[in-house]
>>> print(open('query27.cif').read())   # mmCIF, C-alpha atoms
data_model
#
loop_
_atom_site.group_PDB
_atom_site.id
_atom_site.type_symbol
_atom_site.label_atom_id
_atom_site.label_comp_id
_atom_site.auth_asym_id
_atom_site.auth_seq_id
_atom_site.Cartn_x
_atom_site.Cartn_y
_atom_site.Cartn_z
ATOM 1 C CA MET A 29 -0.130 -7.433 -10.943
ATOM 2 C CA GLU A 30 -2.411 -4.636 -12.087
ATOM 3 C CA TRP A 31 -5.502 -6.860 -11.787
ATOM 4 C CA PHE A 32 -4.564 -7.651 -8.178
ATOM 5 C CA LYS A 33 -4.306 -3.953 -7.354
ATOM 6 C CA THR A 34 -7.723 -3.374 -8.936
ATOM 7 C CA LEU A 35 -9.188 -6.246 -6.915
ATOM 8 C CA LEU A 36 -7.764 -4.820 -3.695
ATOM 9 C CA ILE A 37 -9.210 -1.384 -4.458
ATOM 10 C CA VAL A 38 -12.664 -2.849 -5.127
ATOM 11 C CA LEU A 39 -12.515 -4.872 -1.899
ATOM 12 C CA GLN A 40 -11.381 -1.793 0.015
ATOM 13 C CA VAL A 41 -14.291 0.310 -1.240
ATOM 14 C CA ILE A 42 -16.829 -2.435 -0.501
ATOM 15 C CA SER A 43 -15.453 -3.011 2.993
ATOM 16 C CA ALA A 44 -15.390 0.743 3.703
ATOM 17 C CA LEU A 45 -19.051 1.076 2.712
ATOM 18 C CA ALA A 46 -19.936 -1.998 4.776
ATOM 19 C CA VAL A 47 -18.183 -0.606 7.858
ATOM 20 C CA ILE A 48 -20.020 2.709 7.483
ATOM 21 C CA LEU A 49 -23.370 0.940 7.101
ATOM 22 C CA LEU A 50 -22.775 -1.423 10.010
ATOM 23 C CA VAL A 51 -21.652 1.356 12.344
ATOM 24 C CA LEU A 52 -24.769 3.357 11.490
ATOM 25 C CA LEU A 53 -26.969 0.311 12.148
ATOM 26 C CA GLN A 54 -25.574 -0.274 15.614
ATOM 27 C CA GLN A 55 -27.310 1.306 18.560
ATOM 28 C CA GLY A 56 -25.813 2.713 21.721
ATOM 29 C CA LYS A 57 -25.243 0.693 24.901
ATOM 30 C CA GLY A 58 -28.806 1.227 26.193
ATOM 31 C CA ALA A 59 -30.722 0.163 23.092
ATOM 32 C CA ASP A 60 -30.612 -2.909 20.895
ATOM 33 C CA MET A 61 -31.874 -3.752 17.418
ATOM 34 C CA GLY A 62 -35.247 -4.994 18.650
ATOM 35 C CA ALA A 63 -35.992 -1.690 20.346
ATOM 36 C CA ALA A 64 -35.018 0.199 17.212
ATOM 37 C CA PHE A 65 -37.749 -1.539 15.193
ATOM 38 C CA GLY A 66 -40.429 -1.324 17.866
ATOM 39 C CA SER A 67 -40.418 -4.861 19.243
ATOM 40 C CA GLY A 68 -39.088 -6.363 22.443
ATOM 41 C CA SER A 69 -35.475 -7.468 22.633
ATOM 42 C CA SER A 70 -36.391 -11.138 22.980
ATOM 43 C CA GLY A 71 -38.475 -11.007 19.826
ATOM 44 C CA SER A 72 -35.666 -9.766 17.613
ATOM 45 C CA LEU A 73 -34.111 -11.856 14.896
ATOM 46 C CA PHE A 74 -30.905 -12.632 16.813
ATOM 47 C CA GLY A 75 -32.279 -12.934 20.367
ATOM 48 C CA ALA A 76 -31.715 -10.686 23.373
ATOM 49 C CA SER A 77 -28.068 -9.751 22.702
ATOM 50 C CA GLY A 78 -27.368 -11.586 19.470
ATOM 51 C CA SER A 79 -27.826 -8.604 17.174
ATOM 52 C CA ALA A 80 -25.202 -6.521 18.957
ATOM 53 C CA ASN A 81 -22.712 -9.380 18.866
ATOM 54 C CA PHE A 82 -23.450 -10.159 15.224
ATOM 55 C CA LEU A 83 -23.137 -6.540 14.106
ATOM 56 C CA SER A 84 -19.978 -5.879 16.136
ATOM 57 C CA HIS A 85 -18.279 -9.047 14.866
ATOM 58 C CA THR A 86 -19.279 -8.318 11.277
ATOM 59 C CA THR A 87 -17.985 -4.754 11.636
ATOM 60 C CA ALA A 88 -14.685 -6.078 12.977
ATOM 61 C CA VAL A 89 -14.345 -8.493 10.033
ATOM 62 C CA PHE A 90 -15.004 -5.768 7.463
ATOM 63 C CA ALA A 91 -12.601 -3.409 9.270
ATOM 64 C CA ALA A 92 -9.888 -6.084 9.143
ATOM 65 C CA VAL A 93 -10.523 -6.594 5.414
ATOM 66 C CA PHE A 94 -10.285 -2.820 4.913
ATOM 67 C CA PHE A 95 -6.935 -2.594 6.712
ATOM 68 C CA LEU A 96 -5.504 -5.620 4.896
ATOM 69 C CA CYS A 97 -6.519 -4.158 1.537
ATOM 70 C CA THR A 98 -4.935 -0.843 2.508
ATOM 71 C CA LEU A 99 -1.672 -2.567 3.418
ATOM 72 C CA GLY A 100 -1.731 -4.584 0.193
ATOM 73 C CA ILE A 101 -2.316 -1.510 -1.978
ATOM 74 C CA THR A 102 0.513 0.296 -0.188
ATOM 75 C CA TRP A 103 2.883 -2.646 -0.657
ATOM 76 C CA ILE A 104 2.071 -2.934 -4.362
ATOM 77 C CA GLY A 105 2.368 0.834 -4.842
ATOM 78 C CA ASN A 106 5.825 0.985 -3.273
ATOM 79 C CA LYS A 107 7.316 -1.743 -5.444
ATOM 80 C CA LYS A 108 9.318 0.012 -8.133
ATOM 81 C CA GLU A 109 9.754 -1.759 -11.425
ATOM 82 C CA ILE A 110 13.263 -1.205 -12.711
ATOM 83 C CA SER A 111 13.035 -0.562 -16.408
ATOM 84 C CA PRO A 112 16.113 -1.310 -18.474
ATOM 85 C CA GLY A 113 17.916 1.722 -19.808
ATOM 86 C CA VAL A 114 18.481 2.614 -23.424
ATOM 87 C CA LEU A 115 21.956 1.107 -23.419
ATOM 88 C CA SER A 116 21.053 -2.125 -21.667
ATOM 89 C CA GLY A 117 22.442 -5.137 -23.441
ATOM 90 C CA THR A 118 25.267 -3.222 -25.125
ATOM 91 C CA VAL A 119 28.898 -4.015 -24.491
ATOM 92 C CA ALA A 120 31.303 -1.289 -23.454
ATOM 93 C CA PRO A 121 34.332 -0.852 -25.749
ATOM 94 C CA ALA A 122 37.684 -2.085 -24.517
ATOM 95 C CA ALA A 123 39.769 0.523 -22.711
ATOM 96 C CA MET A 124 42.406 2.159 -24.896
ATOM 97 C CA PRO A 125 45.886 2.462 -23.415
ATOM 98 C CA ALA A 126 46.801 5.997 -22.484
ATOM 99 C CA ALA A 127 49.211 7.854 -24.811
ATOM 100 C CA PRO A 128 52.647 8.514 -23.323
ATOM 101 C CA VAL A 129 52.862 11.962 -21.849
ATOM 102 C CA ALA A 130 55.954 14.064 -22.393
ATOM 103 C CA PRO A 131 57.635 15.099 -19.165
ATOM 104 C CA THR A 132 56.947 18.683 -18.306
ATOM 105 C CA GLN A 133 59.599 21.042 -17.025
ATOM 106 C CA ASP A 134 59.471 21.927 -13.375
ATOM 107 C CA PRO A 135 58.462 25.619 -13.153
ATOM 108 C CA SER A 136 60.757 26.188 -10.173
ATOM 109 C CA LYS A 137 63.890 25.455 -12.292
ATOM 110 C CA PRO A 138 65.126 27.971 -14.854
ATOM 111 C CA ALA A 139 64.822 26.992 -18.495
ATOM 112 C CA VAL A 140 68.143 25.893 -20.011
ATOM 113 C CA PRO A 141 68.500 26.426 -23.781
ATOM 114 C CA LYS A 142 69.819 23.467 -25.759
#
>>> encode(input="query27.cif", output="structure tokens")
Amino acid sequence: MEWFKTLLIVLQVISALAVILLVLLQQGKGADMGAAFGSGSSGSLFGASGSANFLSHTTAVFAAVFFLCTLGITWIGNKKEISPGVLSGTVAPAAMPAAPVAPTQDPSKPAVPK
């Protein structure tokens, strides 16, 4: 289970860095990727509005991966392994019968000599 936790942590770090990079690459509402590199919007790699859609969808996918990894790490971290105690596997001794107790004199009655 430790390898799975390590895998989730690696995926979480990669997805966090990808989200940061993709958010920094995205432009505001007025500009698109083509304008950022000095060409017209129709001459960009993804078309007039394709770059914004591609980047926003990719950001959403990496954000979902980040949240799923976070939930998985939390779930694994909260599972407590119950370790057996020192006396696990031992058998308790049989109960001994109690010794008969002598009746005590009631303190409210006066002592009568025999």
>>> atom_distance(input="query27.cif", atom1="CA of Ala92 (chain A)", atom2="CA of Lys108 (chain A)")
26.5 Å
>>> atom_distance(input="query27.cif", atom1="CA of Leu39 (chain A)", atom2="CA of Cys97 (chain A)")
6.9 Å
>>> atom_distance(input="query27.cif", atom1="CA of His85 (chain A)", atom2="CA of Leu35 (chain A)")
23.8 Å
>>> residues_around(input="query27.cif", residues="Leu50 (chain A)", least_positions_apart="4", cutoff="10 Å", atoms="only C-alpha atoms", output="ChimeraX atom specification")
/A:44-46,54,83-84,86-88,90
>>> residues_around(input="query27.cif", residues="Glu30 (chain A)", least_positions_apart="2", cutoff="12 Å", atoms="all atoms listed in the file", output="NGL selection string")
:A and (32-37 or 101 or 104-105)
